[in-house]
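Undergrad: Quick one, my_file_21.csv (CSV, C-alpha atoms):
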```csv
chain,number,residue,atom,x,y,z
A,1,MET,CA,139.5,100.1,134.5
A,2,ALA,CA,137.2,103.1,134.8
A,3,GLU,CA,137.2,105.7,132.1
A,4,LYS,CA,139.4,108.6,132.9
A,5,ASP,CA,137.6,111.9,133.4
A,6,LEU,CA,138.3,115.6,134.0
A,7,SER,CA,139.4,115.0,137.6
A,8,ASP,CA,142.0,112.6,136.3
A,9,LEU,CA,143.2,115.1,133.7
A,10,PHE,CA,143.4,117.7,136.4
A,11,VAL,CA,145.6,115.5,138.6
A,12,ASP,CA,147.8,114.4,135.6
A,13,THR,CA,148.3,118.1,134.7
A,14,LEU,CA,149.0,119.1,138.3
A,15,LYS,CA,151.7,116.4,138.4
A,16,ASP,CA,153.1,117.7,135.1
A,17,ILE,CA,153.4,121.3,136.3
A,18,TYR,CA,154.7,120.1,139.8
A,19,TYR,CA,157.5,118.3,138.1
A,20,ALA,CA,158.1,121.3,135.8
A,21,GLU,CA,158.3,123.8,138.6
A,22,LYS,CA,160.9,121.7,140.4
A,23,GLN,CA,163.0,121.6,137.3
A,24,ILE,CA,162.6,125.3,136.8
A,25,TYR,CA,163.6,125.8,140.5
A,26,LYS,CA,166.8,123.9,139.8
A,27,ALA,CA,167.6,125.7,136.5
A,28,LEU,CA,167.1,129.3,137.7
A,29,PRO,CA,170.3,129.6,139.8
A,30,LYS,CA,172.3,128.4,136.8
A,31,MET,CA,170.6,131.0,134.6
A,32,ALA,CA,171.2,133.7,137.2
A,33,LYS,CA,174.9,132.7,137.4
A,34,SER,CA,175.2,132.9,133.6
A,35,ALA,CA,173.5,136.3,133.2
A,36,ALA,CA,175.8,139.2,132.2
A,37,SER,CA,173.6,142.0,133.5
A,38,ASP,CA,172.8,142.6,137.1
A,39,GLU,CA,169.2,143.4,136.2
A,40,LEU,CA,168.6,140.0,134.6
A,41,ARG,CA,170.4,138.2,137.4
A,42,ALA,CA,168.2,139.9,139.9
A,43,ALA,CA,165.1,139.0,137.9
A,44,PHE,CA,166.1,135.3,137.9
A,45,GLU,CA,166.9,135.3,141.6
A,46,LYS,CA,163.5,136.9,142.4
A,47,HIS,CA,161.7,134.3,140.3
A,48,HIS,CA,163.6,131.6,142.0
A,49,ASP,CA,162.1,132.7,145.3
A,50,GLU,CA,158.7,133.0,143.7
A,51,THR,CA,159.0,129.5,142.3
A,52,GLU,CA,159.6,128.1,145.8
A,53,VAL,CA,156.3,129.5,146.9
A,54,GLN,CA,154.6,128.3,143.7
A,55,ILE,CA,155.7,124.7,144.5
A,56,GLU,CA,154.2,125.1,148.0
A,57,ARG,CA,150.9,126.3,146.5
A,58,LEU,CA,150.8,123.2,144.3
A,59,GLU,CA,151.4,121.0,147.4
A,60,LYS,CA,148.4,122.8,149.0
A,61,ILE,CA,146.3,122.0,145.9
A,62,PHE,CA,147.3,118.3,146.1
A,63,GLU,CA,146.1,118.4,149.7
A,64,ILE,CA,142.8,120.1,148.8
A,65,ILE,CA,142.0,117.3,146.3
A,66,GLY,CA,143.2,114.6,148.7
A,67,LYS,CA,146.1,113.3,146.5
A,68,PRO,CA,149.8,112.9,147.4
A,69,ALA,CA,152.0,115.6,145.9
A,70,ARG,CA,153.9,113.8,143.1
A,71,GLY,CA,155.5,114.9,139.9
A,72,LYS,CA,155.3,113.2,136.5
A,73,LYS,CA,158.1,113.6,134.0
A,74,CYS,CA,157.1,116.6,131.8
A,75,ASP,CA,158.7,116.3,128.3
A,76,ALA,CA,157.7,119.8,127.4
A,77,ILE,CA,159.7,121.5,130.2
A,78,GLU,CA,162.6,119.2,129.6
A,79,GLY,CA,162.7,120.3,126.0
A,80,ILE,CA,162.3,124.0,126.8
A,81,LEU,CA,165.1,123.9,129.5
A,82,ASP,CA,167.4,121.9,127.1
A,83,GLU,CA,167.1,124.7,124.6
A,84,GLY,CA,168.1,127.2,127.4
A,85,LYS,CA,171.2,125.0,128.2
A,86,GLU,CA,172.1,125.0,124.6
A,87,ILE,CA,172.0,128.8,124.5
A,88,MET,CA,174.2,129.0,127.7
A,89,ASP,CA,176.8,126.8,126.0
A,90,GLU,CA,176.7,128.3,122.5
A,91,TYR,CA,176.5,131.9,123.5
A,92,ALA,CA,178.7,131.9,126.6
A,93,ASP,CA,180.9,135.1,126.4
A,94,SER,CA,178.8,136.4,123.6
A,95,PRO,CA,177.0,139.8,123.8
A,96,ALA,CA,173.9,137.9,122.7
A,97,LEU,CA,173.9,135.7,125.9
A,98,ASP,CA,171.5,137.8,127.8
A,99,PRO,CA,169.0,138.1,125.0
A,100,GLY,CA,169.2,134.3,124.6
A,101,LEU,CA,168.7,133.7,128.3
A,102,LEU,CA,165.7,136.0,128.2
A,103,ALA,CA,164.2,134.1,125.3
A,104,ALA,CA,164.6,130.8,127.1
A,105,ALA,CA,163.1,132.2,130.3
A,106,GLN,CA,160.1,133.6,128.4
A,107,ALA,CA,159.5,130.3,126.8
A,108,VAL,CA,159.4,128.8,130.3
A,109,GLU,CA,157.0,131.5,131.5
A,110,HIS,CA,154.6,130.9,128.6
A,111,TYR,CA,154.5,127.2,129.2
A,112,GLU,CA,153.6,127.9,132.8
A,113,ILE,CA,151.0,130.5,131.8
A,114,SER,CA,149.3,128.0,129.5
A,115,ARG,CA,149.3,125.2,132.1
A,116,TYR,CA,148.0,127.4,135.0
A,117,GLY,CA,145.3,128.9,132.7
A,118,THR,CA,144.1,125.4,131.9
A,119,LEU,CA,144.2,124.2,135.5
A,120,LYS,CA,142.2,127.2,136.6
A,121,THR,CA,139.4,126.5,134.1
A,122,TRP,CA,139.3,122.9,135.3
A,123,ALA,CA,139.5,123.6,139.0
A,124,ASP,CA,136.6,126.0,138.6
A,125,GLN,CA,134.6,123.4,136.7
A,126,LEU,CA,135.4,120.7,139.3
A,127,GLY,CA,134.3,123.0,142.2
A,128,HIS,CA,137.8,123.4,143.8
A,129,LYS,CA,137.2,127.0,144.8
A,130,ASP,CA,140.3,127.2,147.0
A,131,ALA,CA,142.5,125.7,144.3
A,132,VAL,CA,141.2,128.4,141.9
A,133,LYS,CA,142.4,131.1,144.3
A,134,LEU,CA,145.9,129.5,144.6
A,135,ILE,CA,146.2,129.0,140.9
A,136,ASP,CA,145.2,132.6,140.3
A,137,GLN,CA,148.0,133.9,142.6
A,138,THR,CA,150.6,131.9,140.7
A,139,LEU,CA,149.2,132.9,137.3
A,140,ALA,CA,149.4,136.6,138.2
A,141,GLU,CA,153.1,136.1,139.2
A,142,GLU,CA,154.0,134.3,136.0
A,143,LYS,CA,152.3,137.0,133.8
A,144,LYS,CA,154.1,139.7,135.8
A,145,THR,CA,157.5,137.8,135.4
A,146,ASP,CA,156.9,137.5,131.6
A,147,GLU,CA,156.2,141.3,131.4
A,148,THR,CA,159.3,142.1,133.4
A,149,LEU,CA,161.4,139.8,131.1
A,150,SER,CA,159.9,141.5,128.0
A,151,GLU,CA,161.0,144.9,129.4
A,152,ILE,CA,164.5,143.7,130.2
A,153,ALA,CA,164.7,142.1,126.7
A,154,VAL,CA,164.4,145.5,125.0
A,155,THR,CA,167.1,146.9,127.3
A,156,ALA,CA,169.3,143.9,126.7
A,157,VAL,CA,169.3,144.0,122.9
A,158,ASN,CA,169.9,147.8,123.0
A,159,ALA,CA,172.9,147.2,125.4
A,160,GLN,CA,174.4,144.5,123.3
A,161,ALA,CA,174.1,146.7,120.2
A,162,ALA,CA,175.9,149.6,121.9
B,1,MET,CA,185.7,131.3,114.8
B,2,ALA,CA,184.0,134.7,115.2
B,3,GLU,CA,181.9,135.3,118.3
B,4,LYS,CA,178.2,134.6,117.8
B,5,ASP,CA,176.1,137.8,118.0
B,6,LEU,CA,172.4,138.8,118.0
B,7,SER,CA,172.1,138.2,114.2
B,8,ASP,CA,173.3,134.6,114.8
B,9,LEU,CA,170.8,134.2,117.6
B,10,PHE,CA,168.0,135.6,115.4
B,11,VAL,CA,168.8,133.0,112.6
B,12,ASP,CA,169.1,130.1,115.2
B,13,THR,CA,165.7,131.0,116.7
B,14,LEU,CA,164.2,131.4,113.2
B,15,LYS,CA,165.3,127.9,112.4
B,16,ASP,CA,163.9,126.6,115.7
B,17,ILE,CA,160.4,128.1,115.0
B,18,TYR,CA,160.5,127.1,111.3
B,19,TYR,CA,161.1,123.5,112.4
B,20,ALA,CA,158.4,123.9,115.1
B,21,GLU,CA,155.8,125.2,112.7
B,22,LYS,CA,156.3,122.3,110.3
B,23,GLN,CA,155.8,119.8,113.2
B,24,ILE,CA,152.7,121.7,114.3
B,25,TYR,CA,151.4,121.6,110.7
B,26,LYS,CA,151.8,117.8,110.7
B,27,ALA,CA,150.2,117.4,114.2
B,28,LEU,CA,147.1,119.5,113.6
B,29,PRO,CA,145.2,117.2,111.3
B,30,LYS,CA,145.7,114.4,113.8
B,31,MET,CA,144.4,116.6,116.6
B,32,ALA,CA,141.4,117.7,114.4
B,33,LYS,CA,140.6,114.0,113.7
B,34,SER,CA,140.7,113.2,117.4
B,35,ALA,CA,138.5,116.1,118.6
B,36,ALA,CA,135.0,115.1,119.7
B,37,SER,CA,133.3,118.5,119.2
B,38,ASP,CA,132.7,120.0,115.8
B,39,GLU,CA,133.7,123.4,117.2
B,40,LEU,CA,137.2,122.2,118.3
B,41,ARG,CA,137.7,120.3,115.0
B,42,ALA,CA,136.9,123.4,113.0
B,43,ALA,CA,139.3,125.5,115.2
B,44,PHE,CA,142.2,123.0,114.5
B,45,GLU,CA,141.4,123.0,110.8
B,46,LYS,CA,141.4,126.8,110.6
B,47,HIS,CA,144.7,126.9,112.5
B,48,HIS,CA,146.1,124.3,110.1
B,49,ASP,CA,145.5,126.7,107.2
B,50,GLU,CA,146.9,129.6,109.1
B,51,THR,CA,150.1,127.6,109.9
B,52,GLU,CA,150.7,127.0,106.2
B,53,VAL,CA,150.7,130.8,105.7
B,54,GLN,CA,152.9,131.3,108.8
B,55,ILE,CA,155.5,128.9,107.3
B,56,GLU,CA,155.5,130.9,104.1
B,57,ARG,CA,156.0,134.1,106.2
B,58,LEU,CA,159.1,132.5,107.8
B,59,GLU,CA,160.4,131.6,104.4
B,60,LYS,CA,160.0,135.3,103.4
B,61,ILE,CA,162.0,136.3,106.5
B,62,PHE,CA,164.8,133.9,105.6
B,63,GLU,CA,164.8,135.6,102.2
B,64,ILE,CA,164.9,139.1,103.7
B,65,ILE,CA,168.0,138.2,105.8
B,66,GLY,CA,169.6,136.3,102.8
B,67,LYS,CA,169.7,132.9,104.5
B,68,PRO,CA,168.4,129.6,103.2
B,69,ALA,CA,165.1,128.5,104.9
B,70,ARG,CA,166.2,125.6,107.1
B,71,GLY,CA,164.8,124.1,110.3
B,72,LYS,CA,166.8,123.0,113.3
B,73,LYS,CA,165.4,120.3,115.6
B,74,CYS,CA,163.4,122.1,118.4
B,75,ASP,CA,163.3,120.0,121.6
B,76,ALA,CA,160.7,122.2,123.1
B,77,ILE,CA,158.1,121.6,120.5
B,78,GLU,CA,158.9,117.9,120.4
B,79,GLY,CA,158.2,117.7,124.1
B,80,ILE,CA,155.0,119.8,123.9
B,81,LEU,CA,153.6,117.7,121.0
B,82,ASP,CA,154.6,114.4,122.7
B,83,GLU,CA,152.5,115.5,125.7
B,84,GLY,CA,149.6,116.1,123.3
B,85,LYS,CA,150.0,112.6,121.8
B,86,GLU,CA,150.0,111.1,125.3
B,87,ILE,CA,146.7,112.8,125.9
B,88,MET,CA,145.2,111.5,122.7
B,89,ASP,CA,146.2,107.9,123.7
B,90,GLU,CA,145.3,108.1,127.4
B,91,TYR,CA,142.0,110.0,127.0
B,92,ALA,CA,140.7,108.5,123.7
B,93,ASP,CA,137.0,107.9,124.2
B,94,SER,CA,137.0,109.8,127.4
B,95,PRO,CA,134.8,112.9,127.9
B,96,ALA,CA,137.9,114.7,129.0
B,97,LEU,CA,139.6,114.2,125.6
B,98,ASP,CA,138.6,117.7,124.2
B,99,PRO,CA,139.7,119.5,127.4
B,100,GLY,CA,143.0,117.6,127.1
B,101,LEU,CA,143.5,118.4,123.4
B,102,LEU,CA,142.7,122.1,124.1
B,103,ALA,CA,145.3,122.2,126.9
B,104,ALA,CA,147.9,120.7,124.5
B,105,ALA,CA,147.0,123.1,121.7
B,106,GLN,CA,147.3,126.1,124.1
B,107,ALA,CA,150.7,125.0,125.3
B,108,VAL,CA,151.7,125.0,121.6
B,109,GLU,CA,150.2,128.5,121.1
B,110,HIS,CA,152.1,129.9,124.1
B,111,TYR,CA,155.4,128.5,122.9
B,112,GLU,CA,154.8,130.2,119.5
B,113,ILE,CA,153.7,133.5,121.2
B,114,SER,CA,156.9,133.5,123.2
B,115,ARG,CA,159.2,132.8,120.2
B,116,TYR,CA,157.5,135.3,117.9
B,117,GLY,CA,157.6,138.0,120.6
B,118,THR,CA,161.3,137.4,121.1
B,119,LEU,CA,162.0,137.4,117.3
B,120,LYS,CA,160.0,140.6,116.9
B,121,THR,CA,162.2,142.4,119.5
B,122,TRP,CA,165.4,141.2,117.8
B,123,ALA,CA,164.2,141.9,114.2
B,124,ASP,CA,163.4,145.4,115.3
B,125,GLN,CA,166.9,145.9,116.9
B,126,LEU,CA,168.6,144.4,113.8
B,127,GLY,CA,166.7,146.8,111.5
B,128,HIS,CA,164.7,144.2,109.6
B,129,LYS,CA,161.6,146.3,109.3
B,130,ASP,CA,159.8,144.0,106.8
B,131,ALA,CA,160.5,141.0,109.0
B,132,VAL,CA,158.9,142.9,112.0
B,133,LYS,CA,155.7,143.3,110.0
B,134,LEU,CA,155.6,139.7,109.0
B,135,ILE,CA,156.2,138.5,112.6
B,136,ASP,CA,153.5,140.9,113.8
B,137,GLN,CA,150.9,139.3,111.5
B,138,THR,CA,151.7,135.8,112.8
B,139,LEU,CA,151.9,137.0,116.4
B,140,ALA,CA,148.4,138.5,116.2
B,141,GLU,CA,147.1,135.2,114.7
B,142,GLU,CA,148.7,133.1,117.4
B,143,LYS,CA,147.2,135.3,120.2
B,144,LYS,CA,143.8,135.2,118.5
B,145,THR,CA,144.0,131.4,118.3
B,146,ASP,CA,144.9,131.1,121.9
B,147,GLU,CA,141.9,133.3,122.9
B,148,THR,CA,139.5,131.2,120.7
B,149,LEU,CA,140.9,128.0,122.3
B,150,SER,CA,140.3,129.5,125.8
B,151,GLU,CA,136.7,130.2,124.9
B,152,ILE,CA,136.2,126.7,123.6
B,153,ALA,CA,137.9,125.3,126.7
B,154,VAL,CA,135.1,126.7,128.9
B,155,THR,CA,132.4,125.3,126.7
B,156,ALA,CA,134.2,122.0,126.5
B,157,VAL,CA,134.5,121.4,130.3
B,158,ASN,CA,130.9,122.4,130.7
B,159,ALA,CA,129.8,120.0,128.0
B,160,GLN,CA,131.8,117.1,129.5
B,161,ALA,CA,130.3,117.8,132.9
B,162,ALA,CA,126.8,117.7,131.5
```
Give the structure from the file, written as structure tokens.
TA:
Amino acid sequence: MAEKDLSDLFVDTLKDIYYAEKQIYKALPKMAKSAASDELRAAFEKHHDETEVQIERLEKIFEIIGKPARGKKCDAIEGILDEGKEIMDEYADSPALDPGLLAAAQAVEHYEISRYGTLKTWADQLGHKDAVKLIDQTLAEEKKTDETLSEIAVTAVNAQAA
Amino acid sequence: MAEKDLSDLFVDTLKDIYYAEKQIYKALPKMAKSAASDELRAAFEKHHDETEVQIERLEKIFEIIGKPARGKKCDAIEGILDEGKEIMDEYADSPALDPGLLAAAQAVEHYEISRYGTLKTWADQLGHKDAVKLIDQTLAEEKKTDETLSEIAVTAVNAQAA
């Protein structure tokens, strides 16, 4: 068996985030339904739409590198989303539910930011210029979503304290 | 049973990151030992020392809020570190090992950045001024570590391509 190189690592990590995005796409409507504030619900719904486009971008990247779009179980996102589910159970009907949902969502965003940042560096090195552009678009959206959630988080803790 | 509020959520999340930091503290020497480049090994060793101090800061925060310092199994960090172990196995002796280790370490950093960012917002709201200061110190270190790893990541992929 040939030694695995950076292009293998790129494909493996692409599969990891493709699986993760699909799990996130499934989780977001549940998080939106749980959210107490309209603002947070709207943010989750908006990000659900964005996630759909981000999944399509990943499929385009698989096409660019000539590989079938396939996911690979990602333990990290499973763990992160499980913590979110735990919050939804333990803090249902609590004034701290929205702060908890926000924390869970920001952990998801940061996982994605780290993965896309890594993929961008590797795509650049591997000469996949079109992939770099697609990754950049998603990366900008994830960072923007994280900022929006940070802003809502401050409003949410103030509202729950009131 | 009284309804759980933001101070319960703060304690729960503190336990989560306390557990996570201890797992990271155990994982870093293995990652340092695996690293091919001296630069990456040194970065992991430095962060190992920082993590020790970060654990002590968390213990001070538990003291501030009058709770025993106790961890609570954190599925997210387990998943993130498992992915790192997988890389160490699958890419041992591969030129892509360092890029893979870097990706794993940056996923860890981003998890911590999201958790400490959240804890800071809540500590501020709950009036734990001294805790805010301690969290801020750790948050700055985690962000700096992530930046250092990003810089090494570019060097690492260039080196493996050469």
Undergrad: Could you list the residues in chain A lying within 6 Å of chain B, using only C-alpha atoms, and format the result as a compact mmCIF listing (two decimals) with C-alpha atoms, keeping the file's coordinate frame?
TA:
```txt
# COMPACT_ATOMS: atom_id res chain seq x y z
CA ASP A 5 137.60 111.90 133.40
CA LEU A 6 138.30 115.60 134.00
CA ASP A 75 158.70 116.30 128.30
CA ALA A 76 157.70 119.80 127.40
CA GLY A 79 162.70 120.30 126.00
CA ILE A 80 162.30 124.00 126.80
CA ALA A 96 173.90 137.90 122.70
CA ALA A 107 159.50 130.30 126.80
CA HIS A 110 154.60 130.90 128.60
CA TYR A 111 154.50 127.20 129.20
CA SER A 114 149.30 128.00 129.50
```
Undergrad: Compile the contact shell of range 40-43 of chain A as a compact mmCIF listing (two decimals) with C-alpha atoms, in the coordinates of the input: residues with an atom at most 9 Å away, counting all atoms listed in the file, same-chain residues fewer than 4 positions apart removed.
TA:
```txt
# COMPACT_ATOMS: atom_id res chain seq x y z
CA PRO A 29 170.30 129.60 139.80
CA MET A 31 170.60 131.00 134.60
CA ALA A 32 171.20 133.70 137.20
CA LYS A 33 174.90 132.70 137.40
CA SER A 34 175.20 132.90 133.60
CA ALA A 35 173.50 136.30 133.20
CA ALA A 36 175.80 139.20 132.20
CA HIS A 47 161.70 134.30 140.30
CA HIS A 48 163.60 131.60 142.00
CA ASP A 98 171.50 137.80 127.80
CA LEU A 101 168.70 133.70 128.30
CA LEU A 102 165.70 136.00 128.20
CA THR A 145 157.50 137.80 135.40
CA THR A 148 159.30 142.10 133.40
CA LEU A 149 161.40 139.80 131.10
CA ILE A 152 164.50 143.70 130.20
CA ALA A 156 169.30 143.90 126.70
```
Undergrad: Would you work out the distance separating CA of Gln54 in chain A from CA of Ile17 in chain B, expressed in Å to one decimal?
TA: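 For CA of Gln54 in chain A relative to CA of Ile17 in chain B, the distance reads 29.3 Å.
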Undergrad: Interatomic distance between CA of Glu141 in chain A and CA of Asp136 in chain B?
TA: 25.9 Å
Undergrad: Can you superpose chain B onto chain A by least squares over all C-alpha atoms paired in order and give the moved copy as a short mmCIF file (atom, residue, chain, number, x, y, z; two decimals) with C-alpha atoms, in the coordinates of the input?
TA:
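Printed below is selection_13.cif as written:
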```
data_model
loop_
_atom_site.label_atom_id
_atom_site.label_comp_id
_atom_site.auth_asym_id
_atom_site.auth_seq_id
_atom_site.Cartn_x
_atom_site.Cartn_y
_atom_site.Cartn_z
CA MET B 1 139.41 100.07 134.50
CA ALA B 2 137.10 103.09 134.84
CA GLU B 3 137.17 105.72 132.11
CA LYS B 4 139.49 108.64 132.86
CA ASP B 5 137.54 111.90 133.40
CA LEU B 6 138.29 115.62 133.94
CA SER B 7 139.34 115.01 137.60
CA ASP B 8 141.96 112.51 136.31
CA LEU B 9 143.14 115.03 133.75
CA PHE B 10 143.35 117.76 136.42
CA VAL B 11 145.60 115.49 138.66
CA ASP B 12 147.79 114.41 135.61
CA THR B 13 148.34 118.07 134.63
CA LEU B 14 149.00 119.00 138.28
CA LYS B 15 151.71 116.41 138.39
CA ASP B 16 153.15 117.65 135.08
CA ILE B 17 153.44 121.29 136.37
CA TYR B 18 154.66 120.17 139.83
CA TYR B 19 157.49 118.29 138.10
CA ALA B 20 158.05 121.30 135.79
CA GLU B 21 158.29 123.78 138.62
CA LYS B 22 160.90 121.71 140.45
CA GLN B 23 163.05 121.57 137.25
CA ILE B 24 162.62 125.32 136.80
CA TYR B 25 163.65 125.85 140.45
CA LYS B 26 166.86 123.88 139.79
CA ALA B 27 167.57 125.71 136.45
CA LEU B 28 167.13 129.26 137.70
CA PRO B 29 170.25 129.61 139.78
CA LYS B 30 172.27 128.38 136.81
CA MET B 31 170.60 130.93 134.56
CA ALA B 32 171.17 133.71 137.20
CA LYS B 33 174.89 132.74 137.37
CA SER B 34 175.19 132.91 133.60
CA ALA B 35 173.45 136.30 133.12
CA ALA B 36 175.78 139.17 132.23
CA SER B 37 173.55 142.05 133.45
CA ASP B 38 172.83 142.66 137.09
CA GLU B 39 169.21 143.44 136.17
CA LEU B 40 168.62 139.99 134.53
CA ARG B 41 170.43 138.21 137.41
CA ALA B 42 168.23 139.91 139.96
CA ALA B 43 165.07 139.02 137.90
CA PHE B 44 166.08 135.26 137.88
CA GLU B 45 166.82 135.37 141.60
CA LYS B 46 163.45 136.95 142.41
CA HIS B 47 161.71 134.36 140.23
CA HIS B 48 163.65 131.62 142.02
CA ASP B 49 162.07 132.70 145.31
CA GLU B 50 158.67 132.99 143.78
CA THR B 51 158.96 129.42 142.34
CA GLU B 52 159.61 128.03 145.81
CA VAL B 53 156.27 129.56 146.92
CA GLN B 54 154.54 128.31 143.74
CA ILE B 55 155.68 124.74 144.55
CA GLU B 56 154.22 125.06 148.02
CA ARG B 57 150.93 126.32 146.43
CA LEU B 58 150.83 123.14 144.28
CA GLU B 59 151.40 121.04 147.34
CA LYS B 60 148.38 122.80 148.96
CA ILE B 61 146.29 121.95 145.88
CA PHE B 62 147.28 118.29 146.09
CA GLU B 63 146.11 118.46 149.70
CA ILE B 64 142.80 120.10 148.79
CA ILE B 65 142.01 117.30 146.27
CA GLY B 66 143.30 114.58 148.74
CA LYS B 67 146.12 113.32 146.51
CA PRO B 68 149.76 112.87 147.38
CA ALA B 69 152.03 115.62 145.87
CA ARG B 70 153.90 113.77 143.12
CA GLY B 71 155.53 114.90 139.88
CA LYS B 72 155.32 113.14 136.55
CA LYS B 73 158.11 113.62 134.00
CA CYS B 74 157.11 116.62 131.75
CA ASP B 75 158.70 116.34 128.28
CA ALA B 76 157.74 119.84 127.43
CA ILE B 77 159.69 121.48 130.15
CA GLU B 78 162.64 119.18 129.56
CA GLY B 79 162.75 120.32 125.97
CA ILE B 80 162.32 124.03 126.83
CA LEU B 81 165.10 123.91 129.48
CA ASP B 82 167.43 121.90 127.17
CA GLU B 83 167.07 124.73 124.62
CA GLY B 84 168.06 127.17 127.37
CA LYS B 85 171.16 125.09 128.23
CA GLU B 86 172.14 125.02 124.55
CA ILE B 87 172.02 128.78 124.58
CA MET B 88 174.17 129.05 127.66
CA ASP B 89 176.83 126.79 125.99
CA GLU B 90 176.68 128.28 122.48
CA TYR B 91 176.48 131.96 123.52
CA ALA B 92 178.73 131.95 126.65
CA ASP B 93 180.85 135.07 126.44
CA SER B 94 178.83 136.40 123.61
CA PRO B 95 176.99 139.75 123.84
CA ALA B 96 173.91 137.93 122.74
CA LEU B 97 173.95 135.65 125.82
CA ASP B 98 171.41 137.80 127.87
CA PRO B 99 169.00 138.10 124.91
CA GLY B 100 169.26 134.31 124.56
CA LEU B 101 168.70 133.60 128.27
CA LEU B 102 165.69 136.00 128.27
CA ALA B 103 164.16 134.18 125.27
CA ALA B 104 164.59 130.83 127.11
CA ALA B 105 163.14 132.20 130.35
CA GLN B 106 160.09 133.59 128.45
CA ALA B 107 159.44 130.29 126.74
CA VAL B 108 159.38 128.80 130.27
CA GLU B 109 156.97 131.54 131.49
CA HIS B 110 154.58 130.93 128.58
CA TYR B 111 154.49 127.20 129.19
CA GLU B 112 153.59 127.90 132.86
CA ILE B 113 150.96 130.55 131.85
CA SER B 114 149.34 128.03 129.56
CA ARG B 115 149.25 125.19 132.15
CA TYR B 116 148.01 127.39 134.99
CA GLY B 117 145.29 128.89 132.77
CA THR B 118 144.13 125.42 131.80
CA LEU B 119 144.21 124.18 135.46
CA LYS B 120 142.28 127.25 136.58
CA THR B 121 139.44 126.47 134.10
CA TRP B 122 139.27 122.84 135.24
CA ALA B 123 139.54 123.62 139.01
CA ASP B 124 136.67 125.99 138.58
CA GLN B 125 134.51 123.35 136.74
CA LEU B 126 135.41 120.69 139.36
CA GLY B 127 134.35 123.03 142.20
CA HIS B 128 137.74 123.40 143.85
CA LYS B 129 137.27 127.00 144.80
CA ASP B 130 140.37 127.22 147.06
CA ALA B 131 142.51 125.69 144.35
CA VAL B 132 141.22 128.41 141.87
CA LYS B 133 142.48 131.10 144.23
CA LEU B 134 145.84 129.50 144.63
CA ILE B 135 146.27 129.04 140.84
CA ASP B 136 145.21 132.66 140.33
CA GLN B 137 148.02 133.93 142.59
CA THR B 138 150.65 131.94 140.67
CA LEU B 139 149.13 132.86 137.31
CA ALA B 140 149.36 136.58 138.11
CA GLU B 141 153.03 136.10 139.17
CA GLU B 142 153.91 134.22 136.02
CA LYS B 143 152.33 136.94 133.78
CA LYS B 144 154.10 139.65 135.78
CA THR B 145 157.42 137.83 135.34
CA ASP B 146 156.92 137.49 131.67
CA GLU B 147 156.19 141.26 131.35
CA THR B 148 159.34 142.15 133.41
CA LEU B 149 161.41 139.81 131.18
CA SER B 150 159.98 141.55 128.05
CA GLU B 151 161.04 144.90 129.41
CA ILE B 152 164.52 143.65 130.17
CA ALA B 153 164.70 142.05 126.72
CA VAL B 154 164.46 145.50 125.08
CA THR B 155 167.13 146.95 127.29
CA ALA B 156 169.29 143.92 126.76
CA VAL B 157 169.31 144.01 122.90
CA ASN B 158 169.97 147.71 123.04
CA ALA B 159 172.87 147.23 125.41
CA GLN B 160 174.42 144.47 123.26
CA ALA B 161 174.11 146.65 120.19
CA ALA B 162 175.89 149.50 121.91
#
```
Undergrad: Could you state the separation of CA of Tyr25 in chain A and CA of Glu52 in chain A in Å, given to one decimal place?
TA: 7.0 Å
Undergrad: For Ala131 in chain B, which of B:Glu147, B:Glu59, B:Glu86, B:Glu21 is the closest residue, counting all atoms listed in the file?
TA: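 Using all atoms listed in the file, the shortest distance to Ala131 in chain B belongs to B:Glu59.
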